[in-house]
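Chemist: As input, take entry.txt (compact mmCIF, C-alpha atoms):
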```
# COMPACT_ATOMS: atom_id res chain seq x y z
CA MET A 364 -32.57 -22.75 4.46
CA ARG A 365 -36.05 -24.02 3.66
CA LYS A 366 -35.67 -22.81 0.08
CA LYS A 367 -32.38 -24.65 -0.24
CA ALA A 368 -34.03 -27.84 1.02
CA LEU A 369 -36.80 -27.49 -1.57
CA LEU A 370 -34.18 -27.05 -4.27
CA THR A 371 -32.48 -30.27 -3.15
CA VAL A 372 -35.80 -32.13 -3.28
CA PHE A 373 -36.35 -30.76 -6.77
CA LYS A 374 -32.86 -31.81 -7.88
CA ASP A 375 -33.33 -35.30 -6.41
CA THR A 376 -36.64 -35.69 -8.24
CA ILE A 377 -35.53 -34.43 -11.68
CA PRO A 378 -35.23 -37.99 -13.08
CA VAL A 379 -38.75 -38.71 -11.83
CA LEU A 380 -39.97 -35.41 -13.31
CA THR A 381 -38.63 -36.43 -16.71
CA GLY A 382 -39.99 -39.95 -16.48
CA TYR A 383 -43.41 -38.98 -15.15
CA LEU A 384 -43.98 -36.19 -17.66
CA PHE A 385 -43.40 -38.58 -20.54
CA LEU A 386 -44.92 -41.73 -19.07
CA GLY A 387 -47.85 -39.67 -17.79
CA ALA A 388 -48.25 -38.11 -21.23
CA GLY A 389 -48.20 -41.59 -22.77
CA PHE A 390 -51.02 -42.58 -20.44
CA GLY A 391 -52.96 -39.37 -21.18
CA ILE A 392 -52.69 -39.98 -24.93
CA LEU A 393 -53.82 -43.61 -24.67
CA LEU A 394 -56.70 -42.64 -22.44
CA GLY A 395 -57.72 -39.92 -24.91
CA GLU A 396 -57.60 -42.37 -27.78
CA SER A 397 -59.99 -44.63 -25.87
CA GLY A 398 -62.40 -41.69 -25.68
CA TYR A 399 -61.78 -40.45 -22.14
CA GLY A 400 -61.04 -36.75 -21.73
CA ILE A 401 -59.15 -34.49 -19.36
CA GLY A 402 -61.40 -35.01 -16.31
CA TRP A 403 -60.74 -38.74 -16.39
CA ALA A 404 -57.00 -38.18 -16.84
CA PHE A 405 -56.92 -35.73 -13.93
CA PHE A 406 -58.91 -37.77 -11.43
CA MET A 407 -57.23 -41.05 -12.29
CA SER A 408 -53.76 -39.56 -11.80
CA LEU A 409 -54.90 -37.73 -8.64
CA PHE A 410 -56.54 -40.69 -6.89
CA MET A 411 -54.84 -43.75 -8.31
CA PHE A 412 -51.31 -42.39 -8.85
CA ALA A 413 -49.91 -45.66 -10.19
CA GLY A 414 -48.02 -45.81 -13.48
CA SER A 415 -48.43 -49.41 -14.56
CA GLY A 416 -51.79 -49.56 -12.77
CA GLN A 417 -53.17 -46.71 -14.85
CA TYR A 418 -51.84 -48.10 -18.13
CA LEU A 419 -53.57 -51.33 -17.21
CA ALA A 420 -56.76 -49.43 -16.35
CA VAL A 421 -56.88 -47.93 -19.88
CA ASN A 422 -56.89 -51.47 -21.18
CA LEU A 423 -59.61 -52.51 -18.72
CA LEU A 424 -61.74 -49.49 -19.70
CA ALA A 425 -61.28 -50.10 -23.42
CA THR A 426 -62.27 -53.77 -23.13
CA HIS A 427 -65.13 -53.14 -20.64
CA ALA A 428 -63.54 -55.65 -18.27
CA SER A 429 -65.58 -57.08 -15.40
CA LEU A 430 -64.96 -55.63 -11.93
CA ILE A 431 -63.55 -58.92 -10.62
CA SER A 432 -61.03 -59.23 -13.42
CA SER A 433 -60.14 -55.54 -12.99
CA ALA A 434 -59.42 -56.18 -9.31
CA ILE A 435 -57.30 -59.28 -9.98
CA ALA A 436 -55.32 -57.71 -12.83
CA THR A 437 -54.60 -54.61 -10.73
CA LEU A 438 -53.50 -56.76 -7.80
CA LEU A 439 -51.10 -58.73 -10.02
CA VAL A 440 -49.49 -55.51 -11.24
CA ASN A 441 -49.45 -53.58 -7.97
CA ALA A 442 -48.79 -56.24 -5.33
CA ARG A 443 -45.16 -55.07 -5.28
CA HIS A 444 -46.27 -52.06 -3.22
CA ILE A 445 -46.72 -54.39 -0.23
CA PHE A 446 -42.92 -54.69 -0.07
CA TYR A 447 -42.49 -50.93 0.03
CA GLY A 448 -44.76 -50.62 3.03
CA ILE A 449 -42.92 -53.40 4.86
CA SER A 450 -39.59 -51.62 4.47
CA LEU A 451 -40.93 -48.20 5.47
CA ILE A 452 -42.95 -49.11 8.58
CA GLU A 453 -40.16 -47.85 10.84
CA THR A 454 -39.19 -44.86 8.68
CA TYR A 455 -42.76 -43.55 8.38
CA GLN A 456 -43.69 -44.34 11.99
CA ASP A 457 -43.57 -40.76 13.27
CA ALA A 458 -44.82 -38.96 10.19
CA GLY A 459 -48.01 -37.84 11.98
CA LYS A 460 -50.72 -36.23 9.90
CA LYS A 461 -48.72 -36.54 6.69
CA LYS A 462 -48.44 -40.32 7.04
CA PRO A 463 -51.67 -41.32 5.22
CA TYR A 464 -50.70 -39.17 2.25
CA MET A 465 -47.14 -40.53 2.20
CA ILE A 466 -48.48 -44.10 2.17
CA PHE A 467 -51.05 -43.22 -0.50
CA ALA A 468 -48.34 -41.71 -2.73
CA LEU A 469 -45.80 -44.53 -2.40
CA THR A 470 -44.85 -45.27 -6.02
CA ASP A 471 -41.83 -47.25 -7.27
CA GLU A 472 -39.95 -44.04 -7.96
CA THR A 473 -40.78 -42.31 -4.68
CA TYR A 474 -39.82 -45.50 -2.85
CA SER A 475 -36.45 -45.72 -4.56
CA LEU A 476 -35.68 -42.08 -3.68
CA VAL A 477 -36.78 -42.14 -0.04
CA THR A 478 -34.94 -45.38 0.74
CA GLN A 479 -31.71 -44.19 -0.83
CA ASN A 480 -31.32 -40.43 -0.41
CA GLN A 481 -30.46 -38.56 2.77
CA PRO A 482 -32.62 -35.52 3.61
CA PRO A 483 -30.90 -32.17 3.00
CA GLU A 484 -29.97 -29.88 5.88
CA GLY A 485 -32.87 -27.98 7.42
CA ILE A 486 -35.65 -30.54 7.01
CA SER A 487 -36.39 -33.82 8.76
CA ARG A 488 -36.43 -37.23 7.12
CA ASN A 489 -40.22 -37.25 7.24
CA GLN A 490 -40.51 -33.81 5.65
CA TYR A 491 -38.13 -34.95 2.94
CA CYS A 492 -40.15 -38.09 2.21
CA PHE A 493 -43.35 -36.06 2.21
CA LEU A 494 -41.99 -33.47 -0.23
CA VAL A 495 -40.60 -36.12 -2.59
CA SER A 496 -44.02 -37.82 -2.59
CA LEU A 497 -45.82 -34.54 -3.24
CA PHE A 498 -43.45 -33.37 -6.00
CA ASP A 499 -43.68 -36.74 -7.75
CA HIS A 500 -47.48 -36.68 -7.49
CA ILE A 501 -47.63 -33.21 -9.08
CA TYR A 502 -45.28 -34.26 -11.92
CA TRP A 503 -47.46 -37.30 -12.59
CA ILE A 504 -50.73 -35.36 -12.69
CA ALA A 505 -49.14 -32.74 -14.96
CA GLY A 506 -47.85 -35.41 -17.35
CA CYS A 507 -51.18 -37.27 -17.54
CA VAL A 508 -53.23 -34.12 -18.10
CA LEU A 509 -50.83 -32.51 -20.60
CA GLY A 510 -50.62 -35.76 -22.58
CA ASN A 511 -54.38 -36.00 -22.69
CA ILE A 512 -54.68 -32.41 -23.96
CA ALA A 513 -51.83 -32.58 -26.47
CA GLY A 514 -52.78 -35.99 -27.87
CA SER A 515 -50.24 -37.48 -30.22
CA THR A 516 -49.48 -34.12 -31.86
CA LEU A 517 -46.09 -33.53 -30.19
CA PRO A 518 -43.64 -32.53 -32.94
CA ILE A 519 -40.36 -33.78 -31.44
CA ASN A 520 -39.34 -37.41 -31.44
CA PHE A 521 -39.16 -38.53 -27.82
CA GLU A 522 -38.96 -42.23 -28.59
CA GLY A 523 -37.05 -44.04 -25.87
CA VAL A 524 -37.43 -41.39 -23.17
CA GLU A 525 -39.36 -43.86 -20.99
CA PHE A 526 -35.98 -45.52 -20.38
CA VAL A 527 -35.33 -42.77 -17.82
CA LEU A 528 -37.18 -44.77 -15.16
CA THR A 529 -35.29 -47.98 -15.97
CA ALA A 530 -32.11 -45.90 -15.68
CA LEU A 531 -33.31 -44.60 -12.29
CA PHE A 532 -33.74 -48.13 -10.94
CA VAL A 533 -30.41 -49.32 -12.39
CA THR A 534 -28.70 -46.35 -10.72
CA MET A 535 -30.40 -47.06 -7.40
CA PHE A 536 -29.47 -50.73 -7.71
CA VAL A 537 -25.79 -49.86 -8.22
CA GLU A 538 -25.98 -47.28 -5.42
CA GLN A 539 -27.41 -49.90 -3.01
CA TRP A 540 -24.71 -52.32 -4.16
CA LEU A 541 -21.99 -49.78 -3.34
CA THR A 542 -23.47 -48.82 0.06
CA HIS A 543 -24.12 -52.35 1.38
CA LYS A 544 -21.47 -54.93 2.11
CA ASP A 545 -23.86 -57.88 1.95
CA HIS A 546 -24.76 -58.35 -1.70
CA ARG A 547 -27.03 -61.35 -1.18
CA PRO A 548 -30.29 -59.34 -1.05
CA ALA A 549 -29.45 -57.59 -4.35
CA ILE A 550 -28.58 -60.87 -6.05
CA ILE A 551 -31.68 -62.57 -4.59
CA GLY A 552 -33.92 -59.75 -5.87
CA LEU A 553 -32.47 -59.73 -9.37
CA GLY A 554 -32.11 -63.50 -9.74
CA SER A 555 -35.50 -64.53 -8.32
CA THR A 556 -37.31 -62.05 -10.55
CA VAL A 557 -35.52 -63.21 -13.70
CA ILE A 558 -36.26 -66.87 -12.92
CA CYS A 559 -39.93 -66.20 -12.09
CA LEU A 560 -40.32 -64.13 -15.26
CA LEU A 561 -39.00 -67.05 -17.30
CA ILE A 562 -41.25 -69.58 -15.53
CA PHE A 563 -44.50 -67.64 -15.07
CA GLY A 564 -44.41 -65.14 -17.93
CA ARG A 565 -44.76 -61.37 -17.88
CA GLU A 566 -48.38 -61.30 -16.69
CA LEU A 567 -48.02 -63.41 -13.56
CA PHE A 568 -44.38 -63.33 -12.44
CA LEU A 569 -44.49 -60.51 -9.90
CA ILE A 570 -46.28 -62.22 -6.99
CA PRO A 571 -44.30 -65.50 -7.26
CA ALA A 572 -41.11 -63.40 -7.47
CA MET A 573 -42.06 -61.55 -4.28
CA ALA A 574 -42.77 -64.83 -2.50
CA VAL A 575 -39.41 -66.32 -3.58
CA ILE A 576 -37.56 -63.12 -2.57
CA ALA A 577 -39.18 -63.09 0.89
CA LEU A 578 -38.40 -66.79 1.35
CA LEU A 579 -34.77 -66.55 0.24
CA LEU A 580 -34.15 -63.42 2.33
CA THR A 581 -35.51 -65.28 5.36
CA ILE A 582 -33.25 -68.25 4.69
CA SER A 583 -30.24 -66.00 4.08
CA ARG A 584 -30.88 -64.32 7.44
CA LYS A 585 -30.74 -67.67 9.21
CA THR A 586 -27.56 -68.80 7.44
CA GLY A 587 -26.08 -65.34 7.92
CA ARG A 588 -26.67 -65.61 11.67
CA ARG A 589 -25.09 -69.02 11.84
CA VAL A 590 -21.97 -67.66 10.15
CA THR A 591 -21.78 -64.77 12.63
CA ASP A 592 -22.35 -67.11 15.58
CA ALA A 593 -19.58 -69.46 14.54
CA MET B 855 -74.61 -47.59 -18.53
CA PRO B 856 -71.05 -47.75 -19.85
CA GLU B 857 -70.08 -44.51 -18.04
CA LEU B 858 -70.97 -45.96 -14.65
CA HIS B 859 -69.11 -49.17 -15.38
CA SER B 860 -66.03 -47.14 -16.34
CA VAL B 861 -66.19 -45.22 -13.07
CA LEU B 862 -66.54 -48.50 -11.16
CA ILE B 863 -63.50 -49.99 -12.93
CA ILE B 864 -61.44 -46.98 -11.85
CA VAL B 865 -62.79 -47.14 -8.30
CA VAL B 866 -61.95 -50.85 -8.04
CA ALA B 867 -58.45 -50.35 -9.52
CA THR B 868 -57.84 -47.44 -7.14
CA LEU B 869 -59.04 -49.37 -4.07
CA VAL B 870 -56.90 -52.40 -4.92
CA THR B 871 -53.85 -50.17 -5.51
CA MET B 872 -54.42 -48.40 -2.18
CA ALA B 873 -54.90 -51.72 -0.39
CA THR B 874 -51.44 -52.82 -1.58
CA ARG B 875 -49.92 -49.59 -0.28
CA PHE B 876 -51.72 -49.41 3.09
CA LEU B 877 -51.80 -53.12 4.03
CA PRO B 878 -48.36 -53.37 5.73
CA PHE B 879 -48.95 -50.19 7.73
CA LEU B 880 -52.40 -51.39 8.85
CA VAL B 881 -51.11 -54.81 9.86
CA PHE B 882 -47.89 -53.72 11.61
CA GLY B 883 -48.38 -50.00 12.32
CA LYS B 884 -50.73 -49.36 15.29
CA GLY B 885 -48.17 -48.85 18.06
CA LYS B 886 -47.54 -52.59 18.41
CA LYS B 887 -43.92 -53.68 18.31
CA THR B 888 -43.00 -54.63 14.75
CA PRO B 889 -41.93 -58.32 14.61
CA ASP B 890 -38.15 -58.85 14.25
CA MET B 891 -38.65 -60.65 10.98
CA ILE B 892 -40.43 -57.64 9.44
CA VAL B 893 -37.78 -55.21 10.73
CA TYR B 894 -35.13 -57.44 9.15
CA LEU B 895 -37.03 -57.64 5.85
CA GLY B 896 -37.44 -53.87 5.92
CA LYS B 897 -33.67 -53.48 6.02
CA VAL B 898 -32.76 -55.92 3.25
CA LEU B 899 -35.77 -55.42 0.96
CA PRO B 900 -34.66 -52.14 -0.68
CA CYS B 901 -31.62 -53.88 -2.25
CA ALA B 902 -33.74 -56.80 -3.44
CA ILE B 903 -36.55 -54.56 -4.70
CA MET B 904 -34.26 -52.43 -6.87
CA GLY B 905 -33.18 -55.66 -8.58
CA MET B 906 -36.81 -56.67 -8.96
CA LEU B 907 -37.79 -53.27 -10.40
CA VAL B 908 -34.98 -53.32 -12.97
CA ILE B 909 -36.27 -56.66 -14.27
CA TYR B 910 -39.86 -55.38 -14.04
CA CYS B 911 -38.93 -52.50 -16.37
CA LEU B 912 -37.32 -54.92 -18.83
CA LYS B 913 -40.13 -57.50 -18.76
CA ASP B 914 -41.64 -56.55 -22.12
CA ILE B 915 -38.43 -57.01 -24.10
CA SER B 916 -38.56 -59.78 -26.65
CA PHE B 917 -35.21 -61.50 -26.88
CA LEU B 918 -36.35 -63.61 -29.83
CA THR B 919 -37.25 -60.80 -32.24
CA ALA B 920 -35.17 -57.84 -33.47
CA PRO B 921 -33.60 -55.83 -31.87
CA TYR B 922 -33.41 -58.65 -29.26
CA GLY B 923 -33.29 -56.30 -26.27
CA ILE B 924 -29.83 -55.09 -27.30
CA PRO B 925 -30.58 -51.34 -26.87
CA GLU B 926 -31.99 -51.97 -23.36
CA LEU B 927 -29.03 -54.11 -22.29
CA ILE B 928 -26.50 -51.60 -23.65
CA GLY B 929 -28.46 -48.76 -22.03
CA CYS B 930 -28.47 -50.50 -18.63
CA ALA B 931 -24.74 -51.28 -18.93
CA VAL B 932 -23.94 -47.63 -19.73
CA VAL B 933 -25.97 -46.43 -16.72
CA ALA B 934 -24.39 -48.99 -14.36
CA LEU B 935 -20.80 -48.39 -15.52
CA LEU B 936 -21.22 -44.62 -15.45
CA HIS B 937 -22.59 -44.85 -11.92
CA LEU B 938 -19.76 -47.13 -10.77
CA TRP B 939 -17.31 -44.65 -12.25
CA LYS B 940 -18.67 -41.22 -11.27
CA ARG B 941 -21.41 -42.11 -8.75
CA ASN B 942 -23.43 -39.07 -9.81
CA THR B 943 -27.13 -40.02 -9.98
CA LEU B 944 -28.31 -37.34 -12.42
CA LEU B 945 -25.33 -37.90 -14.70
CA SER B 946 -25.86 -41.68 -14.82
CA ILE B 947 -29.58 -41.37 -15.51
CA GLY B 948 -29.34 -38.43 -17.92
CA VAL B 949 -26.50 -39.69 -20.09
CA GLY B 950 -27.87 -43.24 -20.01
CA THR B 951 -31.31 -42.13 -21.17
CA VAL B 952 -30.05 -39.88 -23.96
CA PHE B 953 -27.73 -42.67 -25.09
CA TYR B 954 -30.65 -45.11 -25.17
CA MET B 955 -32.84 -42.64 -27.11
CA LEU B 956 -30.09 -42.22 -29.71
CA LEU B 957 -29.75 -46.00 -29.95
CA VAL B 958 -33.45 -46.66 -30.59
CA GLN B 959 -33.92 -43.65 -32.88
CA LEU B 960 -30.76 -43.80 -34.98
CA VAL B 961 -29.21 -47.25 -34.73
CA PHE B 962 -31.91 -49.87 -34.20
```
If you took the structure in this file and wrote it as structure tokens, what would it be?
Modeler:
Amino acid sequence: MRKKALLTVFKDTIPVLTGYLFLGAGFGILLGESGYGIGWAFFMSLFMFAGSGQYLAVNLLATHASLISSAIATLLVNARHIFYGISLIETYQDAGKKKPYMIFALTDETYSLVTQNQPPEGISRNQYCFLVSLFDHIYWIAGCVLGNIAGSTLPINFEGVEFVLTALFVTMFVEQWLTHKDHRPAIIGLGSTVICLLIFGRELFLIPAMAVIALLLTISRKTGRRVTDA
Amino acid sequence: MPELHSVLIIVVATLVTMATRFLPFLVFGKGKKTPDMIVYLGKVLPCAIMGMLVIYCLKDISFLTAPYGIPELIGCAVVALLHLWKRNTLLSIGVGTVFYMLLVQLVF
């Protein structure tokens, strides 16, 4: 039964496997081109485990950025993780010893899988979330290290494969749309982000977008209540 | 020492990343009752976040220069329609991605 559960976790994470191998490899190649070898690729993917964060870090390393600007730039890119924690406080409450690791490994992709998928028979929700986190982490490390070793010598044309992660989020968006009757949160998320991207530009839009989303969701809760009360 | 500075950049980036992941659990975890507002946000955020992440993935598209984001928009439409039709996650993602790769390699 345990084996079957592991197979289900593997099947659920195949899109992430594909995405992480290629995105990780992209990172490994870039890092190599900046003069940092396999040890750097391994430890960065092991400890940091953040896609956009690591791509940003290559840039920071290459330009010898100051520590303050490194901290601010990373915060701008990764602040979205705060939302993931907020929506998993209840779910991860009883995860016990595995909890710190599960929080540490909470990437966009892991988040979208653990909030959407039901655990297979034979394992608990927490075990499922833990295994998804662990599998995704291993895929990511493998991708980063392999990319760093192979460099840009890969013979096949994989251009466009990074779209797999966009496709994952589009699928999860549609899936959420089909499962929930109230479509306001989905529209608020999509709309606020588009508007903030247009106003603030691609470097700065994420934190304002999060603020607007939190504000609008709060307002929509109040109006929603009034409708139910009436 | 450029090596040391590089290590420090990575340490800082790692600590900031971890702070963003651990913060909510540190603030609201510890056995205290989670405020109603946060419980509510926790329920509605996943829907909103998926919308945010889709846009986040598309943020680097330039709509003013060729190919004007057309392959990405077609790719997203294929994934969404396929998922509305068959509701099979791997199928939607797999076919959508291959379709996008063909678009950027052969058409655009």
Chemist: Please check the contacts: residues of chain A at most 6 Å away from chain B, using all atoms listed in the file, listed as a PDB file with C-alpha atoms, in the coordinates of the input.
Modeler:
```
ATOM      1  CA  MET A 411     -54.840 -43.750  -8.310  1.00  0.00           C
ATOM      2  CA  LEU A 424     -61.740 -49.490 -19.700  1.00  0.00           C
ATOM      3  CA  LEU A 430     -64.960 -55.630 -11.930  1.00  0.00           C
ATOM      4  CA  ALA A 434     -59.420 -56.180  -9.310  1.00  0.00           C
ATOM      5  CA  THR A 437     -54.600 -54.610 -10.730  1.00  0.00           C
ATOM      6  CA  ALA A 442     -48.790 -56.240  -5.330  1.00  0.00           C
ATOM      7  CA  HIS A 444     -46.270 -52.060  -3.220  1.00  0.00           C
ATOM      8  CA  ILE A 445     -46.720 -54.390  -0.230  1.00  0.00           C
ATOM      9  CA  GLY A 448     -44.760 -50.620   3.030  1.00  0.00           C
ATOM     10  CA  ILE A 449     -42.920 -53.400   4.860  1.00  0.00           C
ATOM     11  CA  SER A 450     -39.590 -51.620   4.470  1.00  0.00           C
ATOM     12  CA  GLY A 523     -37.050 -44.040 -25.870  1.00  0.00           C
ATOM     13  CA  PHE A 526     -35.980 -45.520 -20.380  1.00  0.00           C
ATOM     14  CA  VAL A 527     -35.330 -42.770 -17.820  1.00  0.00           C
ATOM     15  CA  THR A 529     -35.290 -47.980 -15.970  1.00  0.00           C
ATOM     16  CA  ALA A 530     -32.110 -45.900 -15.680  1.00  0.00           C
ATOM     17  CA  LEU A 531     -33.310 -44.600 -12.290  1.00  0.00           C
ATOM     18  CA  PHE A 532     -33.740 -48.130 -10.940  1.00  0.00           C
ATOM     19  CA  PHE A 536     -29.470 -50.730  -7.710  1.00  0.00           C
ATOM     20  CA  GLN A 539     -27.410 -49.900  -3.010  1.00  0.00           C
ATOM     21  CA  PRO A 548     -30.290 -59.340  -1.050  1.00  0.00           C
ATOM     22  CA  ALA A 549     -29.450 -57.590  -4.350  1.00  0.00           C
ATOM     23  CA  GLY A 552     -33.920 -59.750  -5.870  1.00  0.00           C
ATOM     24  CA  LEU A 553     -32.470 -59.730  -9.370  1.00  0.00           C
ATOM     25  CA  THR A 556     -37.310 -62.050 -10.550  1.00  0.00           C
TER      26      THR A 556
END
```
Chemist: For a quick check of understanding, using all atoms listed in the file, which of A:Phe390, A:Tyr383, A:Phe373, A:Phe563 has the smallest distance to Asp471 of chain A?
Modeler: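 The answer is A:Tyr383, which sits nearest to Asp471 of chain A.
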Chemist: Applying 10 Å and all atoms listed in the file, which residues near segment 489-497 of chain A remain after dropping the ones on its own chain fewer than 2 positions away? List them as a PDB file with C-alpha atoms, in the frame of the given file.
Modeler:
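So selection24.pdb came out as:
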```pdb
ATOM      1  CA  ALA A 368     -34.030 -27.840   1.020  1.00  0.00           C
ATOM      2  CA  LEU A 369     -36.800 -27.490  -1.570  1.00  0.00           C
ATOM      3  CA  THR A 371     -32.480 -30.270  -3.150  1.00  0.00           C
ATOM      4  CA  VAL A 372     -35.800 -32.130  -3.280  1.00  0.00           C
ATOM      5  CA  PHE A 373     -36.350 -30.760  -6.770  1.00  0.00           C
ATOM      6  CA  ASP A 375     -33.330 -35.300  -6.410  1.00  0.00           C
ATOM      7  CA  THR A 376     -36.640 -35.690  -8.240  1.00  0.00           C
ATOM      8  CA  VAL A 379     -38.750 -38.710 -11.830  1.00  0.00           C
ATOM      9  CA  THR A 454     -39.190 -44.860   8.680  1.00  0.00           C
ATOM     10  CA  TYR A 455     -42.760 -43.550   8.380  1.00  0.00           C
ATOM     11  CA  GLN A 456     -43.690 -44.340  11.990  1.00  0.00           C
ATOM     12  CA  ASP A 457     -43.570 -40.760  13.270  1.00  0.00           C
ATOM     13  CA  ALA A 458     -44.820 -38.960  10.190  1.00  0.00           C
ATOM     14  CA  GLY A 459     -48.010 -37.840  11.980  1.00  0.00           C
ATOM     15  CA  LYS A 461     -48.720 -36.540   6.690  1.00  0.00           C
ATOM     16  CA  LYS A 462     -48.440 -40.320   7.040  1.00  0.00           C
ATOM     17  CA  TYR A 464     -50.700 -39.170   2.250  1.00  0.00           C
ATOM     18  CA  MET A 465     -47.140 -40.530   2.200  1.00  0.00           C
ATOM     19  CA  ILE A 466     -48.480 -44.100   2.170  1.00  0.00           C
ATOM     20  CA  PHE A 467     -51.050 -43.220  -0.500  1.00  0.00           C
ATOM     21  CA  ALA A 468     -48.340 -41.710  -2.730  1.00  0.00           C
ATOM     22  CA  LEU A 469     -45.800 -44.530  -2.400  1.00  0.00           C
ATOM     23  CA  THR A 470     -44.850 -45.270  -6.020  1.00  0.00           C
ATOM     24  CA  GLU A 472     -39.950 -44.040  -7.960  1.00  0.00           C
ATOM     25  CA  THR A 473     -40.780 -42.310  -4.680  1.00  0.00           C
ATOM     26  CA  TYR A 474     -39.820 -45.500  -2.850  1.00  0.00           C
ATOM     27  CA  LEU A 476     -35.680 -42.080  -3.680  1.00  0.00           C
ATOM     28  CA  VAL A 477     -36.780 -42.140  -0.040  1.00  0.00           C
ATOM     29  CA  THR A 478     -34.940 -45.380   0.740  1.00  0.00           C
ATOM     30  CA  ASN A 480     -31.320 -40.430  -0.410  1.00  0.00           C
ATOM     31  CA  GLN A 481     -30.460 -38.560   2.770  1.00  0.00           C
ATOM     32  CA  PRO A 482     -32.620 -35.520   3.610  1.00  0.00           C
ATOM     33  CA  PRO A 483     -30.900 -32.170   3.000  1.00  0.00           C
ATOM     34  CA  GLY A 485     -32.870 -27.980   7.420  1.00  0.00           C
ATOM     35  CA  ILE A 486     -35.650 -30.540   7.010  1.00  0.00           C
ATOM     36  CA  SER A 487     -36.390 -33.820   8.760  1.00  0.00           C
ATOM     37  CA  ASP A 499     -43.680 -36.740  -7.750  1.00  0.00           C
ATOM     38  CA  HIS A 500     -47.480 -36.680  -7.490  1.00  0.00           C
ATOM     39  CA  ILE A 501     -47.630 -33.210  -9.080  1.00  0.00           C
ATOM     40  CA  TYR A 502     -45.280 -34.260 -11.920  1.00  0.00           C
ATOM     41  CA  TRP A 503     -47.460 -37.300 -12.590  1.00  0.00           C
TER      42      TRP A 503
END
```
Chemist: Tell me, in Å to one decimal, how far atom CA of Thr516 of chain A is from atom CA of Phe410 of chain A.
Modeler: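 Calculated distance between atom CA of Thr516 of chain A and atom CA of Phe410 of chain A is 26.8 Å.
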Chemist: Between B:Lys886, B:Leu858, B:Ile924, B:Leu918, which residue has the minimum interatomic distance to Val961 of chain B, considering all atoms listed in the file?
Modeler: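 Looking only at the distances to Val961 of chain B, the closest residue turns out to be B:Ile924.
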Chemist: Would you please work out which residue, of A:Tyr447, A:Asn422, A:Val440, A:Val508, is nearest to Gly389 of chain A when using all atoms listed in the file?
Modeler: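 Checking each candidate against Gly389 of chain A, we get A:Val508 as the closest.
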Chemist: Ranking A:Gly564, A:Leu528, A:Glu484, A:Asn511 by minimum distance to Leu370 of chain A and counting only C-alpha atoms, which one comes first?
Modeler: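 For Leu370 of chain A, the nearest of the candidates is A:Glu484.
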Chemist: What is the atom CA of Gly923 of chain B to atom CA of Phe962 of chain B distance in Å?
Modeler: 10.3 Å
Chemist: Since the input is missing atoms, can you rebuild N, CA, C and O atoms for segment 909-918 of chain B and write them as a tab-separated table (two decimals), in the frame of the given file?
Modeler:
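The result, written out as part39.tsv:
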```tsv
chain	number	residue	atom	x	y	z
B	909	ILE	N	-35.72	-55.59	-13.43
B	909	ILE	CA	-36.27	-56.66	-14.27
B	909	ILE	C	-37.71	-56.32	-14.69
B	909	ILE	O	-38.11	-56.55	-15.83
B	910	TYR	N	-38.48	-55.76	-13.75
B	910	TYR	CA	-39.86	-55.38	-14.04
B	910	TYR	C	-39.92	-54.41	-15.23
B	910	TYR	O	-40.76	-54.53	-16.10
B	911	CYS	N	-38.98	-53.47	-15.27
B	911	CYS	CA	-38.93	-52.50	-16.37
B	911	CYS	C	-38.57	-53.18	-17.69
B	911	CYS	O	-38.92	-52.70	-18.76
B	912	LEU	N	-37.81	-54.27	-17.61
B	912	LEU	CA	-37.32	-54.92	-18.83
B	912	LEU	C	-38.22	-56.07	-19.26
B	912	LEU	O	-37.92	-56.77	-20.23
B	913	LYS	N	-39.34	-56.28	-18.55
B	913	LYS	CA	-40.13	-57.50	-18.76
B	913	LYS	C	-40.74	-57.61	-20.16
B	913	LYS	O	-41.00	-58.72	-20.63
B	914	ASP	N	-40.96	-56.48	-20.83
B	914	ASP	CA	-41.64	-56.55	-22.12
B	914	ASP	C	-40.69	-56.72	-23.31
B	914	ASP	O	-41.13	-56.77	-24.46
B	915	ILE	N	-39.40	-56.80	-23.02
B	915	ILE	CA	-38.43	-57.01	-24.10
B	915	ILE	C	-38.63	-58.39	-24.70
B	915	ILE	O	-38.82	-59.36	-23.98
B	916	SER	N	-38.55	-58.46	-26.03
B	916	SER	CA	-38.56	-59.78	-26.65
B	916	SER	C	-37.14	-60.10	-27.11
B	916	SER	O	-36.57	-59.41	-27.95
B	917	PHE	N	-36.58	-61.15	-26.53
B	917	PHE	CA	-35.21	-61.50	-26.88
B	917	PHE	C	-35.14	-62.36	-28.15
B	917	PHE	O	-34.08	-62.67	-28.64
B	918	LEU	N	-36.33	-62.73	-28.66
B	918	LEU	CA	-36.35	-63.61	-29.83
B	918	LEU	C	-36.59	-62.86	-31.13
B	918	LEU	O	-36.39	-63.40	-32.21
```
